[in-house]
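Trainee: File upload_4.cif follows (mmCIF, C-alpha atoms):
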```cif
data_structure
#
loop_
_atom_site.label_atom_id
_atom_site.label_comp_id
_atom_site.auth_asym_id
_atom_site.auth_seq_id
_atom_site.Cartn_x
_atom_site.Cartn_y
_atom_site.Cartn_z
CA MET D 1 -119.86 -39.37 -274.97
CA ARG D 2 -116.48 -37.67 -274.44
CA LEU D 3 -116.20 -33.91 -274.47
CA THR D 4 -112.45 -33.97 -274.79
CA VAL D 5 -110.01 -36.77 -275.36
CA ALA D 6 -106.71 -35.47 -274.17
CA LEU D 7 -104.78 -38.67 -274.67
CA PRO D 8 -105.18 -41.56 -277.09
CA ASN D 9 -106.96 -44.70 -276.03
CA ASP D 10 -104.93 -47.78 -275.23
CA SER D 11 -105.01 -50.05 -278.27
CA ALA D 12 -103.97 -53.22 -276.37
CA ALA D 13 -105.86 -56.15 -277.89
CA LYS D 14 -107.37 -57.46 -274.63
CA LEU D 15 -109.01 -54.10 -273.90
CA GLN D 16 -110.68 -53.87 -277.32
CA GLU D 17 -112.98 -56.76 -276.37
CA TYR D 18 -114.58 -54.67 -273.66
CA ALA D 19 -117.64 -52.52 -274.28
CA HIS D 20 -115.84 -49.26 -273.40
CA PRO D 21 -112.14 -49.81 -274.02
CA GLU D 22 -111.58 -46.07 -273.57
CA MET D 23 -112.25 -46.52 -269.83
CA ILE D 24 -109.26 -48.75 -269.20
CA VAL D 25 -105.51 -48.68 -269.85
CA THR D 26 -102.65 -51.12 -269.36
CA THR D 27 -99.54 -50.59 -267.27
CA ASP D 28 -97.62 -50.38 -270.58
CA TRP D 29 -99.77 -47.46 -271.69
CA VAL D 30 -99.27 -45.64 -268.38
CA ALA D 31 -95.50 -46.14 -268.56
CA GLU D 32 -95.48 -44.79 -272.10
CA HIS D 33 -97.62 -41.70 -271.36
CA LEU D 34 -96.45 -40.90 -267.85
CA ASP D 35 -94.87 -37.59 -268.87
CA ASP D 36 -97.67 -36.43 -271.15
CA PRO D 37 -98.99 -33.06 -269.97
CA GLY D 38 -102.69 -33.96 -270.27
CA LEU D 39 -102.40 -36.93 -267.92
CA VAL D 40 -102.74 -37.19 -264.15
CA VAL D 41 -102.30 -40.59 -262.54
CA ALA D 42 -103.89 -40.98 -259.11
CA GLU D 43 -103.46 -43.79 -256.60
CA SER D 44 -106.40 -44.76 -254.41
CA ASP D 45 -105.73 -47.44 -251.80
CA GLU D 46 -107.38 -49.07 -248.91
CA ASP D 47 -104.27 -48.56 -246.81
CA VAL D 48 -103.80 -44.83 -246.27
CA LEU D 49 -100.02 -45.13 -246.07
CA LEU D 50 -99.37 -47.33 -249.06
CA TYR D 51 -98.96 -44.38 -251.44
CA GLU D 52 -96.30 -42.93 -249.17
CA THR D 53 -94.24 -46.13 -249.30
CA GLY D 54 -93.82 -45.63 -253.03
CA HIS D 55 -96.14 -44.91 -255.96
CA ILE D 56 -96.01 -44.55 -259.73
CA PRO D 57 -93.65 -41.61 -260.35
CA GLY D 58 -95.68 -38.42 -260.63
CA ALA D 59 -98.90 -40.00 -259.32
CA VAL D 60 -101.00 -38.04 -256.82
CA LYS D 61 -102.87 -39.62 -253.92
CA LEU D 62 -106.65 -39.71 -253.75
CA ASP D 63 -107.84 -40.88 -250.36
CA TRP D 64 -111.28 -42.47 -250.17
CA HIS D 65 -111.73 -41.92 -246.46
CA THR D 66 -110.67 -38.31 -246.02
CA GLU D 67 -111.17 -36.82 -249.47
CA LEU D 68 -114.09 -38.40 -251.31
CA ASN D 69 -116.51 -38.46 -248.38
CA ASP D 70 -118.22 -35.62 -246.64
CA PRO D 71 -116.60 -35.45 -243.20
CA VAL D 72 -119.91 -35.21 -241.33
CA THR D 73 -122.90 -36.46 -243.31
CA ARG D 74 -122.82 -39.96 -244.76
CA ASP D 75 -122.48 -38.75 -248.35
CA TYR D 76 -119.87 -37.88 -250.93
CA VAL D 77 -118.35 -34.45 -251.36
CA ASP D 78 -120.56 -31.88 -253.09
CA GLY D 79 -119.83 -29.92 -256.26
CA PRO D 80 -117.68 -27.21 -254.64
CA GLY D 81 -115.88 -29.85 -252.56
CA PHE D 82 -115.11 -31.95 -255.62
CA ALA D 83 -113.89 -28.91 -257.55
CA ARG D 84 -111.60 -28.01 -254.65
CA LEU D 85 -110.27 -31.56 -254.44
CA MET D 86 -109.55 -31.78 -258.16
CA SER D 87 -107.92 -28.36 -258.16
CA ASP D 88 -105.70 -29.33 -255.22
CA LYS D 89 -104.56 -32.43 -257.08
CA GLY D 90 -103.78 -30.46 -260.22
CA ILE D 91 -106.58 -32.08 -262.20
CA SER D 92 -108.47 -29.99 -264.78
CA ARG D 93 -111.82 -30.81 -266.30
CA ASP D 94 -110.02 -31.84 -269.52
CA THR D 95 -107.34 -33.92 -267.77
CA THR D 96 -107.13 -37.60 -268.60
CA LEU D 97 -107.34 -39.05 -265.10
CA VAL D 98 -106.02 -42.58 -264.67
CA LEU D 99 -106.79 -44.29 -261.36
CA TYR D 100 -105.10 -47.31 -259.87
CA GLY D 101 -104.72 -48.84 -256.42
CA ASP D 102 -104.32 -51.84 -254.15
CA ARG D 103 -106.57 -54.88 -253.79
CA ASN D 104 -107.57 -55.45 -257.44
CA ASN D 105 -108.33 -51.74 -257.88
CA TRP D 106 -111.11 -51.99 -255.33
CA TRP D 107 -110.75 -48.41 -254.06
CA ALA D 108 -109.62 -47.07 -257.42
CA ALA D 109 -112.91 -48.28 -258.89
CA TYR D 110 -114.72 -46.55 -256.03
CA ALA D 111 -112.87 -43.31 -256.77
CA LEU D 112 -113.72 -43.70 -260.45
CA TRP D 113 -117.39 -44.13 -259.60
CA VAL D 114 -117.33 -40.96 -257.46
CA CYS D 115 -115.61 -39.06 -260.29
CA SER D 116 -118.36 -40.34 -262.56
CA LEU D 117 -121.02 -38.82 -260.28
CA PHE D 118 -119.45 -35.52 -261.29
CA GLY D 119 -119.18 -36.58 -264.92
CA HIS D 120 -115.43 -36.12 -265.19
CA PRO D 121 -115.11 -36.51 -268.96
CA ASP D 122 -112.03 -38.71 -269.19
CA VAL D 123 -111.37 -41.02 -266.29
CA ARG D 124 -109.84 -44.48 -266.74
CA LEU D 125 -108.72 -47.40 -264.62
CA MET D 126 -105.25 -48.95 -264.91
CA ASP D 127 -105.82 -52.68 -265.39
CA GLY D 128 -104.12 -54.73 -262.67
CA GLY D 129 -103.56 -51.72 -260.42
CA ARG D 130 -100.67 -51.29 -258.06
CA ALA D 131 -99.93 -55.02 -257.77
CA LYS D 132 -99.34 -55.44 -261.49
CA TRP D 133 -97.18 -52.33 -261.78
CA ILE D 134 -94.97 -53.63 -258.96
CA ALA D 135 -94.96 -57.25 -260.23
CA GLU D 136 -93.61 -55.97 -263.51
CA GLY D 137 -90.69 -54.35 -261.72
CA ARG D 138 -91.68 -50.84 -262.81
CA PRO D 139 -90.32 -47.81 -260.96
CA LEU D 140 -91.84 -46.43 -257.76
CA SER D 141 -91.20 -43.05 -256.22
CA THR D 142 -91.74 -41.61 -252.77
CA GLU D 143 -91.54 -38.08 -254.12
CA GLU D 144 -94.80 -36.23 -253.87
CA PRO D 145 -95.52 -34.36 -257.08
CA LYS D 146 -96.37 -30.69 -256.89
CA ARG D 147 -98.95 -29.82 -259.49
CA PRO D 148 -100.24 -26.27 -259.81
CA PRO D 149 -103.88 -25.85 -258.76
CA THR D 150 -106.44 -25.74 -261.55
CA ASP D 151 -109.71 -23.92 -262.08
CA TYR D 152 -111.81 -27.09 -261.99
CA PRO D 153 -115.43 -25.98 -262.41
CA VAL D 154 -118.13 -26.59 -259.80
CA ILE D 155 -120.26 -29.39 -261.24
CA ASP D 156 -123.47 -30.54 -259.56
CA ARG D 157 -123.21 -34.14 -258.49
CA ASP D 158 -125.61 -36.25 -260.54
CA ASP D 159 -126.97 -38.98 -258.27
CA SER D 160 -129.71 -39.97 -260.71
CA ARG D 161 -127.95 -42.26 -263.16
CA ILE D 162 -125.44 -44.47 -261.37
CA ARG D 163 -126.38 -44.14 -257.71
CA ALA D 164 -129.34 -45.73 -255.94
CA PHE D 165 -130.85 -44.75 -252.60
CA GLN D 166 -132.75 -47.00 -250.24
CA ASP D 167 -136.25 -45.94 -251.31
CA GLN D 168 -135.29 -46.60 -254.92
CA VAL D 169 -134.00 -50.04 -254.00
CA LEU D 170 -137.27 -50.80 -252.22
CA ALA D 171 -139.09 -49.84 -255.41
CA HIS D 172 -136.66 -52.02 -257.37
CA LEU D 173 -137.44 -55.24 -255.46
CA GLY D 174 -138.14 -58.05 -257.92
CA GLN D 175 -135.79 -56.61 -260.53
CA PRO D 176 -132.15 -57.63 -261.10
CA MET D 177 -129.83 -57.03 -258.18
CA ILE D 178 -126.32 -58.26 -257.46
CA ASP D 179 -124.93 -58.65 -253.96
CA VAL D 180 -121.14 -58.58 -254.28
CA ARG D 181 -120.27 -59.48 -250.67
CA SER D 182 -118.76 -62.75 -249.49
CA PRO D 183 -121.00 -65.85 -249.41
CA GLY D 184 -121.14 -65.74 -245.59
CA GLU D 185 -122.37 -62.15 -245.57
CA TYR D 186 -124.91 -62.96 -248.29
CA SER D 187 -126.41 -65.92 -246.47
CA GLY D 188 -126.61 -63.98 -243.20
CA GLU D 189 -124.19 -66.22 -241.37
CA LEU D 190 -121.86 -63.25 -240.92
CA LEU D 191 -122.93 -59.79 -239.81
CA HIS D 192 -119.79 -58.27 -241.31
CA MET D 193 -117.16 -58.90 -243.92
CA PRO D 194 -114.59 -61.53 -242.89
CA ASP D 195 -111.85 -59.65 -240.98
CA TYR D 196 -113.90 -56.43 -240.77
CA PRO D 197 -115.99 -57.10 -237.67
CA GLN D 198 -116.80 -53.50 -236.82
CA GLU D 199 -118.50 -52.52 -240.01
CA GLY D 200 -121.48 -54.59 -239.11
CA ALA D 201 -125.24 -54.56 -239.20
CA LEU D 202 -127.94 -55.63 -236.77
CA ARG D 203 -129.45 -58.10 -239.20
CA GLY D 204 -127.73 -60.54 -241.56
CA GLY D 205 -128.79 -61.74 -244.99
CA HIS D 206 -129.40 -60.06 -248.33
CA ILE D 207 -131.94 -57.94 -250.15
CA PRO D 208 -134.69 -60.28 -251.44
CA GLY D 209 -134.05 -61.30 -255.03
CA ALA D 210 -130.40 -60.22 -255.11
CA ARG D 211 -128.04 -62.77 -256.62
CA SER D 212 -124.66 -63.43 -255.10
CA VAL D 213 -121.59 -62.68 -257.22
CA PRO D 214 -118.62 -61.82 -254.98
CA TRP D 215 -116.88 -58.81 -256.52
CA ALA D 216 -113.36 -60.25 -256.75
CA ARG D 217 -114.53 -62.94 -259.17
CA ALA D 218 -114.15 -60.30 -261.87
CA ALA D 219 -110.41 -60.15 -261.21
CA ALA D 220 -107.79 -62.63 -262.39
CA GLU D 221 -104.83 -63.81 -260.30
CA ASP D 222 -102.66 -60.89 -261.45
CA ALA D 223 -105.36 -58.38 -260.37
CA THR D 224 -106.34 -57.53 -263.96
CA PHE D 225 -109.93 -57.84 -265.09
CA ARG D 226 -110.88 -61.20 -266.55
CA PRO D 227 -111.29 -61.31 -270.33
CA ARG D 228 -114.75 -60.39 -271.58
CA ALA D 229 -115.81 -63.97 -272.33
CA GLN D 230 -115.10 -65.02 -268.75
CA LEU D 231 -116.96 -62.01 -267.36
CA GLU D 232 -119.93 -62.83 -269.56
CA ALA D 233 -119.92 -66.41 -268.31
CA ILE D 234 -120.16 -65.09 -264.74
CA TYR D 235 -122.61 -62.20 -265.07
CA LEU D 236 -124.73 -63.20 -268.08
CA GLY D 237 -124.40 -66.95 -267.67
CA GLU D 238 -124.40 -67.74 -263.95
CA ALA D 239 -126.13 -64.60 -262.68
CA GLY D 240 -128.56 -64.51 -265.61
CA LEU D 241 -128.30 -60.76 -266.25
CA ARG D 242 -129.07 -59.23 -269.64
CA PRO D 243 -127.21 -56.15 -270.92
CA ASP D 244 -130.43 -54.14 -271.11
CA ASP D 245 -131.44 -54.97 -267.54
CA ASP D 246 -131.89 -52.27 -264.93
CA VAL D 247 -129.44 -53.52 -262.29
CA VAL D 248 -128.69 -52.45 -258.72
CA VAL D 249 -125.41 -53.56 -257.14
CA TYR D 250 -124.50 -53.30 -253.48
CA CYS D 251 -122.06 -54.49 -250.83
CA ARG D 252 -121.46 -53.13 -247.35
CA ILE D 253 -120.69 -49.43 -247.88
CA GLY D 254 -120.65 -49.27 -251.67
CA GLU D 255 -116.97 -49.68 -252.46
CA ARG D 256 -116.74 -53.32 -253.52
CA SER D 257 -119.90 -52.83 -255.57
CA SER D 258 -118.28 -49.90 -257.42
CA HIS D 259 -115.90 -52.48 -258.83
CA THR D 260 -118.81 -54.59 -260.09
CA TRP D 261 -120.54 -51.44 -261.35
CA PHE D 262 -117.42 -50.75 -263.43
CA VAL D 263 -117.37 -54.29 -264.80
CA LEU D 264 -121.04 -54.32 -265.79
CA THR D 265 -121.10 -50.79 -267.17
CA HIS D 266 -117.77 -50.33 -268.85
CA LEU D 267 -116.50 -53.82 -269.58
CA LEU D 268 -119.82 -55.48 -270.47
CA GLY D 269 -121.72 -52.44 -271.74
CA PHE D 270 -124.76 -52.46 -269.43
CA GLU D 271 -126.51 -49.09 -269.63
CA HIS D 272 -128.53 -49.08 -266.44
CA VAL D 273 -126.43 -50.08 -263.47
CA ARG D 274 -126.75 -48.21 -260.21
CA ASN D 275 -124.59 -48.61 -257.14
CA TYR D 276 -126.51 -48.63 -253.86
CA ASP D 277 -123.84 -47.12 -251.63
CA GLY D 278 -125.98 -47.29 -248.49
CA SER D 279 -125.59 -51.02 -248.99
CA TRP D 280 -125.80 -53.52 -246.16
CA THR D 281 -124.73 -51.09 -243.43
CA GLU D 282 -127.93 -49.18 -244.22
CA TRP D 283 -130.26 -52.02 -245.23
CA GLY D 284 -129.26 -54.41 -242.43
CA ASN D 285 -129.80 -51.69 -239.85
CA THR D 286 -133.11 -50.37 -241.18
CA VAL D 287 -136.34 -51.15 -239.34
CA ARG D 288 -138.85 -53.32 -241.24
CA VAL D 289 -137.19 -53.64 -244.65
CA PRO D 290 -137.47 -57.17 -246.12
CA ILE D 291 -134.46 -59.45 -245.75
CA THR D 292 -133.78 -62.92 -247.09
CA ARG D 293 -131.48 -65.32 -245.28
CA GLY D 294 -129.72 -68.31 -246.77
CA ASP D 295 -127.95 -69.11 -250.01
CA SER D 296 -130.82 -68.51 -252.44
CA PRO D 297 -131.92 -65.14 -253.84
CA MET R 1 -113.52 -35.42 -219.54
CA SER R 2 -110.20 -36.38 -218.00
CA THR R 3 -107.66 -38.13 -220.20
CA PRO R 4 -106.43 -41.43 -218.80
CA THR R 5 -102.76 -41.45 -217.86
CA LEU R 6 -100.34 -43.07 -220.29
CA ASN R 7 -96.97 -44.51 -219.45
CA PRO R 8 -94.18 -42.02 -220.25
CA ARG R 9 -93.15 -43.76 -223.46
CA LEU R 10 -96.66 -43.90 -224.89
CA GLN R 11 -97.25 -40.34 -223.71
CA GLU R 12 -94.19 -39.19 -225.62
CA ILE R 13 -95.42 -40.95 -228.77
CA ALA R 14 -98.86 -39.37 -228.38
CA ASP R 15 -97.27 -35.94 -227.82
CA ASP R 16 -95.12 -36.35 -230.93
CA PHE R 17 -98.16 -37.15 -233.04
CA ASN R 18 -100.24 -34.33 -231.63
CA ALA R 19 -97.49 -31.76 -232.15
CA MET R 20 -97.66 -32.32 -235.91
CA SER R 21 -99.90 -31.34 -238.79
CA GLY R 22 -102.06 -34.04 -240.37
CA LYS R 23 -99.70 -34.85 -243.19
CA ASP R 24 -96.69 -35.12 -240.90
CA ARG R 25 -98.64 -37.43 -238.62
CA LEU R 26 -99.03 -39.88 -241.49
CA GLN R 27 -95.32 -39.55 -242.21
CA LEU R 28 -94.53 -40.37 -238.59
CA LEU R 29 -96.83 -43.38 -238.75
CA LEU R 30 -94.94 -44.47 -241.86
CA GLU R 31 -91.64 -44.16 -239.97
CA PHE R 32 -93.03 -46.35 -237.20
CA SER R 33 -94.11 -48.82 -239.85
CA ALA R 34 -90.57 -49.05 -241.21
CA GLU R 35 -89.16 -49.56 -237.72
CA LEU R 36 -91.28 -52.54 -236.71
CA PRO R 37 -88.72 -55.17 -235.68
CA ALA R 38 -88.68 -58.41 -237.67
CA LEU R 39 -89.84 -61.58 -235.95
CA PRO R 40 -87.12 -63.58 -234.22
CA ASP R 41 -86.50 -67.02 -235.75
CA ARG R 42 -88.39 -68.86 -233.05
CA TYR R 43 -91.58 -67.20 -234.30
CA ALA R 44 -90.70 -66.72 -237.94
CA GLU R 45 -90.31 -70.50 -238.22
CA HIS R 46 -93.34 -71.29 -236.04
CA HIS R 47 -96.19 -69.19 -237.23
CA ASP R 48 -98.63 -71.33 -235.28
CA LEU R 49 -97.30 -69.72 -232.09
CA LEU R 50 -98.65 -66.33 -233.18
CA GLU R 51 -102.13 -65.06 -232.45
CA PRO R 52 -104.03 -63.65 -235.43
CA VAL R 53 -105.77 -60.30 -234.98
CA PRO R 54 -108.72 -60.48 -237.36
CA GLU R 55 -109.97 -57.04 -236.30
CA CYS R 56 -107.17 -55.50 -238.36
CA GLN R 57 -108.01 -54.85 -241.99
CA SER R 58 -104.76 -56.46 -243.08
CA PRO R 59 -103.23 -59.68 -241.78
CA LEU R 60 -101.57 -59.13 -238.44
CA PHE R 61 -100.14 -61.66 -236.03
CA LEU R 62 -98.73 -61.09 -232.58
CA ALA R 63 -97.03 -62.92 -229.75
CA VAL R 64 -96.62 -61.87 -226.12
CA GLU R 65 -94.02 -63.16 -223.65
CA VAL R 66 -94.05 -62.37 -219.95
CA GLU R 67 -90.74 -63.09 -218.22
CA PRO R 68 -90.56 -64.39 -214.62
CA ASP R 69 -89.77 -60.84 -213.42
CA ALA R 70 -92.98 -59.70 -215.23
CA THR R 71 -91.21 -57.93 -218.09
CA VAL R 72 -93.39 -58.04 -221.21
CA HIS R 73 -92.03 -58.63 -224.71
CA LEU R 74 -94.10 -58.14 -227.83
CA PHE R 75 -93.66 -59.57 -231.31
CA PHE R 76 -95.62 -58.62 -234.41
CA GLU R 77 -95.86 -59.63 -237.99
CA ALA R 78 -97.66 -57.68 -240.71
CA PRO R 79 -96.91 -57.56 -244.44
CA ALA R 80 -95.06 -54.66 -246.05
CA GLU R 81 -98.17 -53.98 -248.17
CA ALA R 82 -100.01 -53.03 -244.98
CA PRO R 83 -98.01 -50.05 -243.71
CA THR R 84 -100.82 -48.64 -241.57
CA THR R 85 -101.26 -51.89 -239.68
CA ARG R 86 -97.49 -52.20 -239.32
CA GLY R 87 -97.34 -48.63 -238.05
CA PHE R 88 -99.89 -49.33 -235.31
CA ALA R 89 -98.08 -52.50 -234.28
CA SER R 90 -94.83 -50.59 -234.17
CA ILE R 91 -96.32 -47.87 -231.93
CA LEU R 92 -97.45 -50.53 -229.48
CA HIS R 93 -94.03 -52.14 -229.64
CA ALA R 94 -92.24 -48.85 -229.04
CA GLY R 95 -94.61 -47.90 -226.25
CA LEU R 96 -95.02 -51.19 -224.39
CA ASP R 97 -92.20 -53.66 -225.10
CA GLY R 98 -89.98 -54.07 -222.04
CA LEU R 99 -92.49 -52.64 -219.57
CA THR R 100 -93.84 -54.66 -216.67
CA ALA R 101 -97.08 -56.60 -216.88
CA ASP R 102 -98.80 -54.09 -214.59
CA GLU R 103 -97.68 -51.18 -216.73
CA VAL R 104 -98.96 -52.86 -219.89
CA LEU R 105 -102.28 -53.70 -218.24
CA ALA R 106 -102.65 -50.09 -217.11
CA THR R 107 -102.67 -48.85 -220.71
CA PRO R 108 -106.10 -47.33 -221.31
CA GLY R 109 -108.07 -48.85 -224.17
CA GLU R 110 -108.79 -45.32 -225.39
CA PHE R 111 -105.09 -44.81 -226.10
CA THR R 112 -105.67 -45.26 -229.82
CA SER R 113 -107.87 -42.18 -229.93
CA GLN R 114 -105.16 -40.01 -228.37
CA LEU R 115 -102.83 -39.98 -231.37
CA GLY R 116 -104.74 -37.41 -233.40
CA LEU R 117 -105.25 -39.87 -236.24
CA GLN R 118 -109.06 -40.03 -236.24
CA ASP R 119 -109.43 -37.70 -239.20
CA LEU R 120 -106.66 -39.33 -241.20
CA VAL R 121 -107.22 -43.02 -240.75
CA SER R 122 -110.56 -44.79 -241.00
CA PRO R 123 -112.20 -45.63 -237.68
CA LEU R 124 -112.00 -49.30 -238.60
CA ARG R 125 -108.24 -49.21 -238.60
CA LEU R 126 -108.07 -47.47 -235.25
CA ARG R 127 -110.34 -50.17 -233.87
CA GLY R 128 -107.91 -52.70 -235.29
CA MET R 129 -105.20 -51.11 -233.17
CA ALA R 130 -107.46 -51.15 -230.12
CA ALA R 131 -108.02 -54.85 -230.78
CA MET R 132 -104.26 -55.48 -230.84
CA LEU R 133 -103.96 -53.77 -227.47
CA ALA R 134 -106.89 -55.74 -226.03
CA ARG R 135 -105.36 -59.03 -227.18
CA ILE R 136 -101.97 -58.10 -225.79
CA LYS R 137 -103.51 -57.30 -222.41
CA ARG R 138 -105.48 -60.53 -222.40
CA GLN R 139 -102.34 -62.56 -223.12
CA VAL R 140 -100.42 -60.74 -220.40
CA ARG R 141 -103.21 -61.50 -217.93
CA ASP R 142 -103.33 -65.17 -218.98
CA GLN R 143 -99.60 -65.68 -218.80
CA ARG R 144 -99.18 -63.93 -215.51
CA GLY R 145 -101.76 -66.37 -214.18
#
```
Produce C-alpha cells that represent the structure in this file.

Mentor:
Amino acid sequence: MRLTVALPNDSAAKLQEYAHPEMIVTTDWVAEHLDDPGLVVAESDEDVLLYETGHIPGAVKLDWHTELNDPVTRDYVDGPGFARLMSDKGISRDTTLVLYGDRNNWWAAYALWVCSLFGHPDVRLMDGGRAKWIAEGRPLSTEEPKRPPTDYPVIDRDDSRIRAFQDQVLAHLGQPMIDVRSPGEYSGELLHMPDYPQEGALRGGHIPGARSVPWARAAAEDATFRPRAQLEAIYLGEAGLRPDDDVVVYCRIGERSSHTWFVLTHLLGFEHVRNYDGSWTEWGNTVRVPITRGDSP
Amino acid sequence: MSTPTLNPRLQEIADDFNAMSGKDRLQLLLEFSAELPALPDRYAEHHDLLEPVPECQSPLFLAVEVEPDATVHLFFEAPAEAPTTRGFASILHAGLDGLTADEVLATPGEFTSQLGLQDLVSPLRLRGMAAMLARIKRQVRDQRG
C-alpha cells in the first residue's frame, strides 16, 4: 500500500492490535523521531490560536478552516492548492507526516482524511494528540519552524473511495450508516450541536437507517483511542457493523465523522467506509430528502 | 455602506488589527488572550454568579456590573486551552470595561466583523464574540433598569 516508508513504524504493543498500526504513532515515538529528516509533525486544532500558544517543537500548523477548505465553494482544496499547501509547510510527497491536535484529535483526523483524498503515502495520527503530549510534561515551543518549500506534485483529489456525496447517500439508504453526532442531534431534539447553535439546519433528526454512535466514544479519558477490543464492542457489537460492510459516516460538516472514519478504516480494518462531509448541514437543509426523528434508526 | 461608529478605544483596537497582515492579526489576538484579567475572588469562588455564553465554541462565562454612576465593569472566564475565545473576551474587556452604560449599549453588533478576522477565524467563533457582546448589552440594560 505504501510507496515509500521514510520512517519505521511504531512498534508499541497497543498499536499492533489495530488493523493498520502503520497509521498511528505514540507520543514516545514522536519524541524519539522528532529530529529525523523524513518527518514533519503538523498540529491541527479547533482553536486557531492554540498552536501559537505552544506546540511540539518543530511542528508546523495546519489550519482546517483557512487551509484545507476552498475559500469560496463548499469543498476542499484542489490538486494545485494541496500541492501549494504541502510545499509551503515543507512537506514532500515522501515525507512521513504525523498529525495531532486538540479535542481527541478531532481536527487532526479531519486533516488526515483530507490528506488521504490526495493519497499522501505516509500520514499518521499521534495517539492521544495534544492533550497527551502536554499531560506527559513534554516540551512545547512557540517558535515557528522554517522549512524550505518542496516540489510537492499536483495530485488529483480522489473523491471516489472515502468521500460520499448526497446523491450517493440517497442511493445508499438501507445500507449501514453511522451518525456520529450527539444523541440530541440524532433524535432531532436539537437543530445543532450542543454549544454550536449557529451551525444549524432547518430540520432535525437523522438519515433513515443510520445508527447513532457519538464519535468521542472511540476515545479514552486520556484522549487516546480505545483498545481494539473495546472499539469492536462498540462498532461491531452495539452498532452491528461487519468489517466487509459498505459504510457511510456523517456528522454536521464532516469533521467529527472523519474521526470515526479513521477508527473504522485504520483501527478496525473496514475497507469501504466513506465520509459524507455534506453531513447534516446539507441533509437537514435539503428539500424533500427523507428524515427520521427519534432515538431509533 | 456606512460603518457604524465605535467608541475611541474599540476603534483603536479595530485600527490596530486592520493595520496588520493576517498572521500578525492572529498574534495580536493571542496577546489579547494572554492579557485577559483573572476573575476577582468574588466571582472565582462563586461561579454561579457568572452567565454562561453557550454560543462560544469553548466554555466562556461572563459577569457584568453597572455602578450607580453607570460605569460598566466586565468580568470573563475562559480556559487557557481556548485562546481564541479568551482573545475575544479580552478585546471586549479592553474596549468596554470602565465605559458608561450608554457607551456600552451604543456598541454596534457588527463590531466583530470590523477586526479583519473573517478570513482567519471561523465564522462560528466570530458569532461567539457577537453573542458575548449581545449578552453584555442585555445585562447592562437589565441592571440599569

Trainee: Tell me which protein, DNA and RNA residues are within 9 Å of Pro21 in chain D, counting only C-alpha atoms, leaving out same-chain ones fewer than 6 positions away, and put them as a ChimeraX atom specification.

Mentor: /D:9-11,15,266-267

Trainee: Find the residues around Leu96 in chain R up to 8 Å (all atoms listed in the file counted), leave out those fewer than 3 positions away in its own chain, and share them as a list of chain:residue names.

Mentor: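 Contacts, with the query itself left out: R:Arg9, R:Leu10, R:Val72, R:Leu74, R:Leu92, R:His93, R:Leu99, R:Val104.
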
Trainee: As a list in words, could you give me every residue of chain R near chain D (at most 9 Å apart, counting all atoms listed in the file)?

Mentor: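 Applying the cut-off to the listed atoms yields Leu26, Gln27, Leu29, Leu30, Val53, Pro54, Glu55, Cys56, Gln57, Ser58, Pro59, Glu81, Ala82, Pro83, Thr84, Thr85, Asp119, Leu120, Val121, Ser122, Leu124, Arg127 and Gly128 of chain R.
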
Trainee: Between CA of Phe82 in chain D and CA of Gly101 in chain D, what distance in Å does the model show, to one decimal?

Mentor: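 These atoms are spaced 19.8 Å apart.
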
Trainee: Measuring between all atoms listed in the file, which one of R:Leu6, R:Leu62, R:Met132, R:Leu28 shows the shortest distance to Pro40 in chain R?

Mentor: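 Among the listed residues, the smallest separation from Pro40 in chain R belongs to R:Leu62.
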
Trainee: In Å to one decimal, how far is CA of Lys61 in chain D from CA of Tyr276 in chain D?

Mentor: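 Going from CA of Tyr276 in chain D over to CA of Lys61 in chain D, I get 25.3 Å.
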
Trainee: To one decimal in Å, tell me the separation between CA of Thr112 in chain R and CA of Trp106 in chain D.

Mentor: 26.9 Å

Trainee: Let me know the residues the PyMOL selection byres ((chain D and resi 179-191) around 6) catches in the file above, as a list in words.

Mentor: Ile178, His192, Gly200, Ala201, Gly204, Gly205, His206, Ala210, Arg211, Ser212, Val213, Pro214, Trp215, Tyr250, Cys251, Arg293, Gly294 and Asp295 of chain D

Trainee: Could you check which of D:Ile24, D:Cys115, D:Ala171, D:Ala220 is closest to Val77 in chain D, using all atoms listed in the file?

Mentor: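 Nearest candidate to Val77 in chain D out of D:Ile24, D:Cys115, D:Ala171, D:Ala220: D:Cys115.
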
Trainee: Kindly indicate which residue among D:Ser141, D:Ser296, D:Asn105, D:Thr150 lies nearest to Ala219 in chain D, using only C-alpha atoms for the distances.

Mentor: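 Comparing D:Ser141, D:Ser296, D:Asn105, D:Thr150 against Ala219 in chain D, the winner is D:Asn105.
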
Trainee: Excluding Tyr100 in chain D and residues on its chain fewer than 4 positions from it, collect all residues at most 7 Å away from it, counting only C-alpha atoms, and give them as a PDB file with C-alpha atoms, in the coordinates of the input.

Mentor:
```pdb
ATOM      1  CA  ALA D  42    -103.890 -40.980-259.110  1.00  0.00           C
ATOM      2  CA  GLU D  43    -103.460 -43.790-256.600  1.00  0.00           C
ATOM      3  CA  SER D  44    -106.400 -44.760-254.410  1.00  0.00           C
ATOM      4  CA  ASN D 105    -108.330 -51.740-257.880  1.00  0.00           C
ATOM      5  CA  ALA D 108    -109.620 -47.070-257.420  1.00  0.00           C
ATOM      6  CA  LEU D 125    -108.720 -47.400-264.620  1.00  0.00           C
ATOM      7  CA  MET D 126    -105.250 -48.950-264.910  1.00  0.00           C
ATOM      8  CA  GLY D 129    -103.560 -51.720-260.420  1.00  0.00           C
ATOM      9  CA  ARG D 130    -100.670 -51.290-258.060  1.00  0.00           C
TER      10      ARG D 130
END
```

Trainee: Identify all residues satisfying the PyMOL selection byres ((chain R and resi 38) around 8) in the given file; provide them as a JSON list (two decimals) with C-alpha atoms, in the frame of the given file.

Mentor:
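Result written to part-v4.json:
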```
[["chain", "number", "residue", "atom", "x", "y", "z"],
["R", 36, "LEU", "CA", -91.28, -52.54, -236.71],
["R", 37, "PRO", "CA", -88.72, -55.17, -235.68],
["R", 39, "LEU", "CA", -89.84, -61.58, -235.95],
["R", 40, "PRO", "CA", -87.12, -63.58, -234.22],
["R", 76, "PHE", "CA", -95.62, -58.62, -234.41],
["R", 77, "GLU", "CA", -95.86, -59.63, -237.99]]
```

Trainee: Name the residues that the PyMOL selection byres ((chain D and resi 172) around 12) picks from the file above, as a count of residues only, using the file's chain letters and numbers.

Mentor: 24

Trainee: Which of these residues is nearest to Ile91 in chain D, using all atoms listed in the file: D:Pro149, D:Gly269, D:Gly58, D:Gly79?

Mentor: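 Using all atoms listed in the file, Ile91 in chain D sits closest to D:Pro149.
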